[in-house]
Amino acid sequence: MTKSDQPVVEIIFTDEDLPYEEEILRNPYSVKHWLRYIDHKKNSPKNAVNIIYERALKELPGSYKLWYNYLKTRRRQIKGRCITDPGYEEVNNAFERSLVFMHKMPRIWMDYCKFLTDQCFITRTRQVFDRALRSLPITQHHRIWPLYLNFVQRHDIHETAVRVFRRYLKLFPENAEEYIEYLVSINRLDEAALVLANIVNNEHFVSQHGKSNHQLWNELCELISTNPDKVRSLNVDAIIRGGLRRYTDQLGHLWNSLADYYVRSGLFERARDIYEEAIQTVTTVRDFTQVFDAYAQFEELSLSRRMEEVSKITKPSEDDDIDLDLRLARFEYLMERRLLLLNSVLLRQNPHNVHEWHKRVQLHEGKPFEIIDTYTEAVQTVSPKLAVGKLHTLWIEFAKFYEKNGQLEDARLVFEKATNVPFAKVDELAGVWCEWCEMEIRSEQYQRALKLMHRATAPPARKVAYHDESEAVQTRLYKSLKIWSMYADLEESFGTFKSCKAVYDRIIDLKIATPQIIINYGMFLEEHNYFEEAFRAYEKGISLFKWPNIYDIWNTYLTKFLKRYGGTKLERARDLFEQCLENCPEKFAKSLYLLYAKLEEQHGMARHAMSVYDRATRAVLAEEQFEVFNIYIKKAAEIYGVPRTRQIYEQAIEALNEENSREMCLRFAEMETKLGEIDRARAIYAHCSQMCDPRVTNEFWHTWKEFEVRHGNEDTMREMLRIKRSVQAMYNTQVNMMSAQMLSSANSVAGTVADLAPGLKDGMRMLEAKAAEMAGTTVSKGNIMFVRGETQGQTQDSDKQQKVVNPEKIDIDDDEDDGDEETEEVELPIEQKDIPSEVFGSLKKTNDKPEAEEDEDNNE
């Protein structure tokens with residue numbers, strides 16, 4: 001250690017320090033040995049540690065590790081002290097001494113700059129930052145600049161900060177948004193607008209905040225429009241108008257920004273001009289709504305502000321009143337024009353929208369000159385090929401407007417021009433001609449109307465296909481059905497028979513007739529007593545069309561023919577009917593067959609009529625067969641008598657579906673009953689029973705039961721019940737199969753269903769119980785037992801009162817006179833013999849032997 005005249009710091013060595021001192025003496029240039037010694041002394045007083053660092057740095061002044069740790073230790077030692085403490089200056093000196101050797105180390109510069117920034121030395125800190133930037137290579141400046149910018153933004157040194165930022169942007173121009181934010185924060189908006197305009201114009205600029213060029217443009221517009229008094233270096237009008245051309249989806253917002261700029265500048269008339277220009281040029285409803293709402297708000301605020309100013313004046317002058325009235329009138333006029341302006345926007349979107357032109361005319365209601373101008377502009381603007389809607393309606397309404405005002409010549413002139421318009425479709429041109437003709441009819445110029453129709457239907461110089469889109473609609477008009485229909489109606493009303501007939505014949509020759517045209521032609525000829533001509537017209541129509549289009553023609557033709565000739569030309573009528581019914585679809589057959597049958601009934605032979613009805617039952621739709629059979633049966637009964645209907649009933653039962661067959665069987669049986677054919681009726685009931693589920697068709701079984709009660713005996717009643725049980729069993733086949741599967745699965749687990757739940761019954765048990773209830777007996781499966789029905793399913797009343805039942809006991813009921821209960825004995829080997837079929841009459845022979853035995857027992 002050296003000695004001087006200054007106060008000497010006493011250094012105390014302990015025995016523990018001697019090994020480290022010896023190592024240092026042997027290796028004074030070893031950083032490792034010095035750091036080991038420092039680490040050993042870390043808990044010693046700070047002066048001792050600092051002296052060791054100073055000794056080490058004296059030997060090794062170029063060691064970054066020693067300088068970095070030394071400076072870090074010195075900063076930690078003064079942490080928490082007041083920045084005016086002398087210790088801070090000592091640390092600053094240490095930093096300065098370190099930079100003599102460590103001036104290329106950015107970490108040292110960064111720590112020094114941070115340390116000075118915390119001491120609030122503005123000029124000194126700025127100079128250190130500048131020294132750091134000069135000392136370090138440019139590749140490491142990005143580590144210094146964030147600290148530098150943070151420093152200048154912490155203090156109220158705007159001019160210095162601006163200059164620093166300008167230097168920073170030369171190296172990092174992509175961070176211009178940070179500069180703009182700072183300029184806005186210090187209210188230097190003019191320079192902020194200039195920088196923002198530059199980055200907006202720079203196509204290669206990429207925002208560090210992820211903003212698009214469009215967002216930056218909106219920020220610029222908002223900045224310059226809301227601060228007209230502070231932004232002087234830019235041409236705001238030119239910038240925003242450039243944005244209008246560039247960003248067409250933000251027109252409303254940009255127009256409002258431009259107008260707001262002039263409002264804030266105090267140029268109110270210029271702002272009104274901007275608003276008017278905007279609402280006359282925007283093309284979307286959204287933009288129009290934005291601009292109009294802003295315009296209306298501006299006018300309202302201007303009016304209210306002026307009214308407040310006038311109200312404060314004790315004696316307002318005449319000029320003040322005039323100005324106030326002018327502002328009020330301007331605001332009212334704006335609100336009145338809203339719908340018209342909105343319509344203009346929609347027409348700017350699509351000037352070929354016919355519907356919007358009609359709406360525009362309605363908005364001008366009561367203003368004839370504006371209406372005429374609107375119609376004129378519309379017919380000149382709308383292109384026939386691009387029109388949305390029906391263009392011809394514009395011409396028609398234009399002409400009708402003149403007609404309502406008594407200007408027929410002007411209306412005719414409009415129609416004349418309309419007939420030369422190249423419409424997209426022939427129907428539109430035909431509509432124009434028809435409306436022109438109707439106008440002439442309303443003005444009672446009938447001959448002029450006929451001449452118009454003659455002009456419209458004149459054939460072109462060469463033959464043209466109606467559906468050829470390449471040809472003009474004027475050359476294809478002669479085949480328009482709309483025109484010819486109108487022509488035919490006019491000829492019927494105002495022309496001669498010959499001219500009208502020529503028109504209808506021309507329609508048929510052109511092959512544009514419809515079934516209705518044919519019918520109208522026939523009725524026209526019939527009105528003039530040309531019946532055969534009418535029939536020939538119908539036949540022409542029949543040759544032109546196919547089913548189902550010719551149904552109306554056939555129906556009219558046959559009806560008129562029968563009305564005219566009745567039965568005088570029977571064979572011709574039959575030929576017509578046969579020709580009609582040859583290819584007639586089922587849908588239209590019913591009425592034609594009934595008409596045919598009526599002809600045969602009134603003028604022909606009965607058997608022919610029956611033959612027609614018989615054919616009808618097979619030719620009509622399935623849902624109409626029942627009704628046709630009813631008519632057939634009724635007519636057969638009237639002509640041949642009731643017995644003749646048996647064959648028809650049988651045919652109907654075979655042909656109809658189950659529901660209608662069931663009803664037909666009941667009616668058949670009822671008829672046989674009235675005729676006294678009881679056996680036939682019973683056989684019919686038996687046949688019908690096969691399609692009657694007892695669970696659904698209770699009405700049928702009730703009807704049969706009543707029949708047996710009135711006309712049968714005990715045997716027939718029993719046979720009816722047997723059939724009912726067999727039918728019910730047949731319909732329950734699927735249920736029984738499912739029950740059998742459930743029983744088999746239950747048996748595999750825990751016995752039968754009856755064992756598990758004695759009170760419950762499956763499907764077959766319920767059927768047996770119901771049959772037993774009807775027959776009055778119950779069947780036991782084991783020994784012969786005669787018991788009451790309710791004792792079979794008896795359950796135990798309680799655990800204390802259990803009744804022991806002897807399975808071999810025979811209970812004989814005393815009440816045997818009721819006749820409601822029947823018993824079934826055990827099958828014994830009894831010789832059997834077939835019963836002759838004559839015994840059963842017309843009923844079907846039964847082979848149910850157990851039933852026969854039961855019947856013998858009961859008869860005995």
# chains A, B, ... in the order shown; residues from 1 in each chain; ligands from 1
call {"tool": "residues_around", "arguments": {"residues": "range 665-682 of chain A", "least_positions_apart": "2", "cutoff": "9 Å", "atoms": "only C-alpha atoms", "output": "PyMOL selection string"}}
result
chain A and resi 642-643+645-646+649-650+653+660-663+684-688+700+703-704+707-708+711-712+716+841-843
call {"tool": "write_last_selection", "arguments": {"atoms": "N, CA and C atoms", "output": "tab-separated table (two decimals), in the first residue's frame"}}
result
chain	number	residue	atom	x	y	z
A	642	VAL	N	-132.84	-53.69	-57.98
A	642	VAL	CA	-131.83	-53.90	-56.95
A	642	VAL	C	-131.05	-55.19	-57.14
A	643	PRO	N	-131.67	-56.34	-57.52
A	643	PRO	CA	-130.88	-57.60	-57.64
A	643	PRO	C	-129.71	-57.48	-58.61
A	645	THR	N	-127.68	-55.23	-58.82
A	645	THR	CA	-126.52	-54.55	-58.22
A	645	THR	C	-125.59	-55.50	-57.51
A	646	ARG	N	-126.00	-56.77	-57.33
A	646	ARG	CA	-125.13	-57.70	-56.60
A	646	ARG	C	-123.76	-57.82	-57.27
A	649	TYR	N	-121.74	-54.76	-56.59
A	649	TYR	CA	-121.21	-54.74	-55.22
A	649	TYR	C	-119.98	-55.63	-55.11
A	650	GLU	N	-120.07	-56.83	-55.68
A	650	GLU	CA	-118.92	-57.75	-55.61
A	650	GLU	C	-117.69	-57.16	-56.31
A	653	ILE	N	-116.29	-54.42	-54.06
A	653	ILE	CA	-115.58	-54.93	-52.88
A	653	ILE	C	-114.19	-55.41	-53.27
A	660	ASN	N	-113.19	-48.42	-47.88
A	660	ASN	CA	-114.38	-48.30	-48.74
A	660	ASN	C	-115.02	-49.67	-48.98
A	661	SER	N	-114.22	-50.73	-49.06
A	661	SER	CA	-114.80	-52.08	-49.22
A	661	SER	C	-115.65	-52.44	-48.01
A	662	ARG	N	-115.21	-52.04	-46.83
A	662	ARG	CA	-115.98	-52.33	-45.62
A	662	ARG	C	-117.34	-51.65	-45.67
A	663	GLU	N	-117.32	-50.37	-46.08
A	663	GLU	CA	-118.60	-49.67	-46.18
A	663	GLU	C	-119.48	-50.28	-47.27
A	684	ILE	N	-121.88	-62.29	-46.46
A	684	ILE	CA	-121.19	-61.02	-46.73
A	684	ILE	C	-120.51	-60.51	-45.47
A	685	TYR	N	-121.24	-60.59	-44.33
A	685	TYR	CA	-120.62	-60.17	-43.08
A	685	TYR	C	-119.38	-61.01	-42.79
A	686	ALA	N	-119.47	-62.31	-43.03
A	686	ALA	CA	-118.32	-63.18	-42.77
A	686	ALA	C	-117.15	-62.81	-43.67
A	687	HIS	N	-117.43	-62.48	-44.94
A	687	HIS	CA	-116.35	-62.08	-45.84
A	687	HIS	C	-115.72	-60.76	-45.40
A	688	CYS	N	-116.57	-59.81	-45.00
A	688	CYS	CA	-116.07	-58.49	-44.60
A	688	CYS	C	-115.29	-58.57	-43.30
A	700	PHE	N	-118.57	-52.21	-37.10
A	700	PHE	CA	-118.93	-53.36	-37.95
A	700	PHE	C	-119.40	-54.54	-37.11
A	703	THR	N	-122.73	-53.97	-35.72
A	703	THR	CA	-123.78	-54.13	-36.74
A	703	THR	C	-124.06	-55.60	-37.00
A	704	TRP	N	-123.03	-56.41	-37.08
A	704	TRP	CA	-123.23	-57.86	-37.30
A	704	TRP	C	-123.96	-58.48	-36.11
A	707	PHE	N	-127.47	-57.68	-36.32
A	707	PHE	CA	-128.06	-58.50	-37.38
A	707	PHE	C	-128.38	-59.91	-36.87
A	708	GLU	N	-127.44	-60.52	-36.15
A	708	GLU	CA	-127.65	-61.87	-35.63
A	708	GLU	C	-128.74	-61.89	-34.57
A	711	HIS	N	-131.97	-61.64	-36.75
A	711	HIS	CA	-132.25	-62.66	-37.75
A	711	HIS	C	-131.60	-64.02	-37.48
A	712	GLY	N	-130.71	-64.11	-36.51
A	712	GLY	CA	-129.99	-65.36	-36.31
A	712	GLY	C	-130.49	-66.13	-35.11
A	716	THR	N	-125.65	-69.26	-34.90
A	716	THR	CA	-125.06	-68.20	-35.75
A	716	THR	C	-124.35	-67.16	-34.91
A	841	GLY	N	-126.02	-73.82	-44.87
A	841	GLY	CA	-126.57	-72.92	-45.89
A	841	GLY	C	-125.47	-72.30	-46.71
A	842	SER	N	-125.52	-71.00	-46.80
A	842	SER	CA	-124.51	-70.31	-47.60
A	842	SER	C	-123.24	-69.96	-46.84
A	843	LEU	N	-123.23	-70.36	-45.54
A	843	LEU	CA	-122.03	-70.04	-44.76
A	843	LEU	C	-120.91	-70.96	-45.13
call {"tool": "closest_residue", "arguments": {"among": "A:Phe524, A:Tyr247, A:Tyr37, A:Trp145", "to": "Lys170 in chain A", "atoms": "only C-alpha atoms"}}
result
A:Trp145
call {"tool": "residues_around", "arguments": {"residues": "Leu570 in chain A", "least_positions_apart": "2", "cutoff": "9 Å", "atoms": "only C-alpha atoms", "output": "list of chain:residue names"}}
result
A:Tyr565, A:Gly566, A:Gly567, A:Thr568, A:Arg572, A:Ala573, A:Arg574, A:Asp575, A:Leu599, A:Glu600, A:His603, A:Gly604
call {"tool": "atom_distance", "arguments": {"atom1": "CA of Ile279 in chain A", "atom2": "CA of Val231 in chain A"}}
result
27.0 Å
call {"tool": "residues_around", "arguments": {"residues": "Ile24 in chain A", "least_positions_apart": "5", "cutoff": "12 Å", "atoms": "only C-alpha atoms", "output": "number ranges by chain"}}
result
A: 17-19, 29-38, 52, 55-56, 59
call {"tool": "select_by_dssp", "arguments": {"residues": "range 43-265 of chain A", "states": "alpha helix (DSSP H)", "output": "PyMOL selection string"}}
result
chain A and resi 46-59+64-77+86-102+106-119+122-135+145-154+158-171+176-185+189-201+213-226+236-246+251-264
call {"tool": "write_last_selection", "arguments": {"atoms": "C-alpha atoms", "output": "short mmCIF file (atom, residue, chain, number, x, y, z; two decimals), in the first residue's frame"}}
result
data_model
loop_
_atom_site.label_atom_id
_atom_site.label_comp_id
_atom_site.auth_asym_id
_atom_site.auth_seq_id
_atom_site.Cartn_x
_atom_site.Cartn_y
_atom_site.Cartn_z
CA LYS A 46 -17.56 -1.38 1.89
CA ASN A 47 -14.31 0.56 2.03
CA ALA A 48 -12.35 -2.69 2.31
CA VAL A 49 -14.12 -4.13 -0.70
CA ASN A 50 -13.65 -0.93 -2.71
CA ILE A 51 -9.93 -0.86 -1.91
CA ILE A 52 -9.51 -4.42 -3.15
CA TYR A 53 -11.39 -3.46 -6.39
CA GLU A 54 -9.16 -0.40 -6.81
CA ARG A 55 -6.02 -2.49 -6.27
CA ALA A 56 -7.29 -5.06 -8.81
CA LEU A 57 -8.19 -2.42 -11.42
CA LYS A 58 -4.78 -0.79 -10.97
CA GLU A 59 -3.21 -4.06 -11.97
CA TYR A 64 -14.54 -5.69 -18.20
CA LYS A 65 -15.59 -8.15 -15.55
CA LEU A 66 -13.81 -6.25 -12.78
CA TRP A 67 -15.12 -2.85 -13.92
CA TYR A 68 -18.68 -4.14 -14.33
CA ASN A 69 -18.77 -5.76 -10.89
CA TYR A 70 -17.03 -2.77 -9.27
CA LEU A 71 -19.54 -0.28 -10.71
CA LYS A 72 -22.42 -2.52 -9.84
CA THR A 73 -21.13 -2.76 -6.25
CA ARG A 74 -20.66 1.02 -5.99
CA ARG A 75 -24.21 1.67 -7.24
CA ARG A 76 -25.63 -0.83 -4.79
CA GLN A 77 -23.73 0.87 -1.94
CA PRO A 86 -21.52 13.07 -2.44
CA GLY A 87 -21.43 9.32 -2.98
CA TYR A 88 -23.21 9.78 -6.29
CA GLU A 89 -20.41 11.97 -7.59
CA GLU A 90 -17.84 9.39 -6.53
CA VAL A 91 -19.71 6.75 -8.54
CA ASN A 92 -19.87 9.14 -11.51
CA ASN A 93 -16.09 9.52 -11.30
CA ALA A 94 -15.73 5.76 -11.20
CA PHE A 95 -17.85 5.52 -14.38
CA GLU A 96 -15.74 8.17 -16.06
CA ARG A 97 -12.52 6.33 -15.13
CA SER A 98 -13.99 3.06 -16.42
CA LEU A 99 -14.96 4.61 -19.76
CA VAL A 100 -11.31 5.43 -20.40
CA PHE A 101 -10.82 1.74 -21.00
CA MET A 102 -14.44 0.47 -21.47
CA PRO A 106 -22.48 -0.70 -24.37
CA ARG A 107 -23.41 -2.14 -21.00
CA ILE A 108 -21.18 0.33 -19.19
CA TRP A 109 -22.63 3.23 -21.17
CA MET A 110 -26.18 2.05 -20.54
CA ASP A 111 -25.62 1.73 -16.80
CA TYR A 112 -23.94 5.16 -16.69
CA CYS A 113 -26.80 6.78 -18.68
CA LYS A 114 -29.43 5.21 -16.44
CA PHE A 115 -27.50 6.32 -13.36
CA LEU A 116 -27.26 9.88 -14.59
CA THR A 117 -30.91 9.93 -15.65
CA ASP A 118 -31.93 9.08 -12.11
CA GLN A 119 -29.78 12.01 -10.85
CA ILE A 122 -30.25 17.01 -17.99
CA THR A 123 -27.36 18.57 -19.89
CA ARG A 124 -24.73 16.28 -18.46
CA THR A 125 -26.88 13.24 -19.19
CA ARG A 126 -27.55 14.39 -22.76
CA GLN A 127 -23.85 14.84 -23.32
CA VAL A 128 -23.12 11.37 -21.99
CA PHE A 129 -25.74 9.92 -24.33
CA ASP A 130 -24.15 11.72 -27.24
CA ARG A 131 -20.69 10.47 -26.19
CA ALA A 132 -22.05 6.94 -26.01
CA LEU A 133 -23.51 7.18 -29.54
CA ARG A 134 -20.21 8.53 -30.81
CA SER A 135 -18.14 5.87 -29.08
CA TRP A 145 -31.69 5.08 -28.24
CA PRO A 146 -34.60 3.74 -26.15
CA LEU A 147 -32.87 5.07 -23.01
CA TYR A 148 -32.13 8.38 -24.73
CA LEU A 149 -35.75 8.82 -25.88
CA ASN A 150 -37.10 7.87 -22.51
CA PHE A 151 -34.80 10.48 -20.95
CA VAL A 152 -35.87 13.35 -23.22
CA GLN A 153 -39.55 12.51 -22.82
CA ARG A 154 -39.30 12.55 -19.02
CA HIS A 158 -39.45 19.88 -26.12
CA GLU A 159 -37.01 21.41 -28.55
CA THR A 160 -34.22 19.10 -27.42
CA ALA A 161 -36.54 16.12 -27.61
CA VAL A 162 -37.64 17.04 -31.13
CA ARG A 163 -34.05 17.31 -32.29
CA VAL A 164 -33.20 14.00 -30.65
CA PHE A 165 -36.18 12.35 -32.32
CA ARG A 166 -35.15 13.69 -35.71
CA ARG A 167 -31.69 12.18 -35.26
CA TYR A 168 -33.32 8.94 -34.14
CA LEU A 169 -35.60 8.74 -37.23
CA LYS A 170 -32.59 8.99 -39.52
CA LEU A 171 -31.44 5.67 -38.16
CA ALA A 176 -42.04 7.48 -36.96
CA GLU A 177 -45.33 6.73 -35.16
CA GLU A 178 -43.54 7.10 -31.83
CA TYR A 179 -42.37 10.55 -32.89
CA ILE A 180 -45.89 11.48 -34.02
CA GLU A 181 -47.33 10.43 -30.68
CA TYR A 182 -44.79 12.60 -28.87
CA LEU A 183 -45.49 15.58 -31.10
CA VAL A 184 -49.22 15.25 -30.49
CA SER A 185 -48.61 14.99 -26.76
CA LEU A 189 -49.56 19.25 -34.43
CA ASP A 190 -48.21 20.90 -37.56
CA GLU A 191 -45.01 18.89 -37.54
CA ALA A 192 -46.99 15.78 -36.50
CA ALA A 193 -49.25 16.20 -39.54
CA LEU A 194 -46.20 16.59 -41.80
CA VAL A 195 -44.57 13.42 -40.51
CA LEU A 196 -47.86 11.52 -40.69
CA ALA A 197 -48.44 12.70 -44.26
CA ASN A 198 -44.97 11.50 -45.22
CA ILE A 199 -45.50 8.00 -43.88
CA VAL A 200 -48.95 7.84 -45.50
CA ASN A 201 -47.42 8.69 -48.86
CA ASN A 213 -52.26 2.66 -44.47
CA HIS A 214 -55.98 3.27 -44.38
CA GLN A 215 -55.96 3.65 -40.58
CA LEU A 216 -53.03 6.04 -40.79
CA TRP A 217 -54.94 8.02 -43.41
CA ASN A 218 -57.95 8.28 -41.12
CA GLU A 219 -55.71 9.51 -38.31
CA LEU A 220 -54.25 12.16 -40.61
CA CYS A 221 -57.71 13.31 -41.71
CA GLU A 222 -58.90 13.51 -38.14
CA LEU A 223 -55.77 15.38 -37.08
CA ILE A 224 -55.86 18.00 -39.80
CA SER A 225 -59.64 18.44 -39.85
CA THR A 226 -60.03 18.93 -36.12
CA VAL A 236 -56.14 20.04 -46.09
CA ASP A 237 -58.66 20.28 -48.93
CA ALA A 238 -56.33 18.62 -51.43
CA ILE A 239 -55.34 15.87 -49.00
CA ILE A 240 -58.93 14.91 -48.12
CA ARG A 241 -60.08 15.06 -51.74
CA GLY A 242 -57.22 12.76 -52.63
CA GLY A 243 -58.52 10.39 -49.98
CA LEU A 244 -61.99 10.59 -51.51
CA ARG A 245 -60.59 9.29 -54.76
CA ARG A 246 -58.45 6.69 -53.04
CA LEU A 251 -66.63 8.69 -48.54
CA GLY A 252 -69.09 9.72 -45.85
CA HIS A 253 -66.45 9.97 -43.15
CA LEU A 254 -64.02 11.86 -45.39
CA TRP A 255 -66.63 14.35 -46.60
CA ASN A 256 -67.62 15.02 -43.00
CA SER A 257 -63.96 15.54 -42.10
CA LEU A 258 -63.53 18.07 -44.88
CA ALA A 259 -66.69 19.93 -43.91
CA ASP A 260 -65.69 19.83 -40.25
CA TYR A 261 -62.35 21.40 -41.19
CA TYR A 262 -64.12 24.39 -42.73
CA VAL A 263 -66.58 24.62 -39.85
CA ARG A 264 -63.75 24.77 -37.32
#
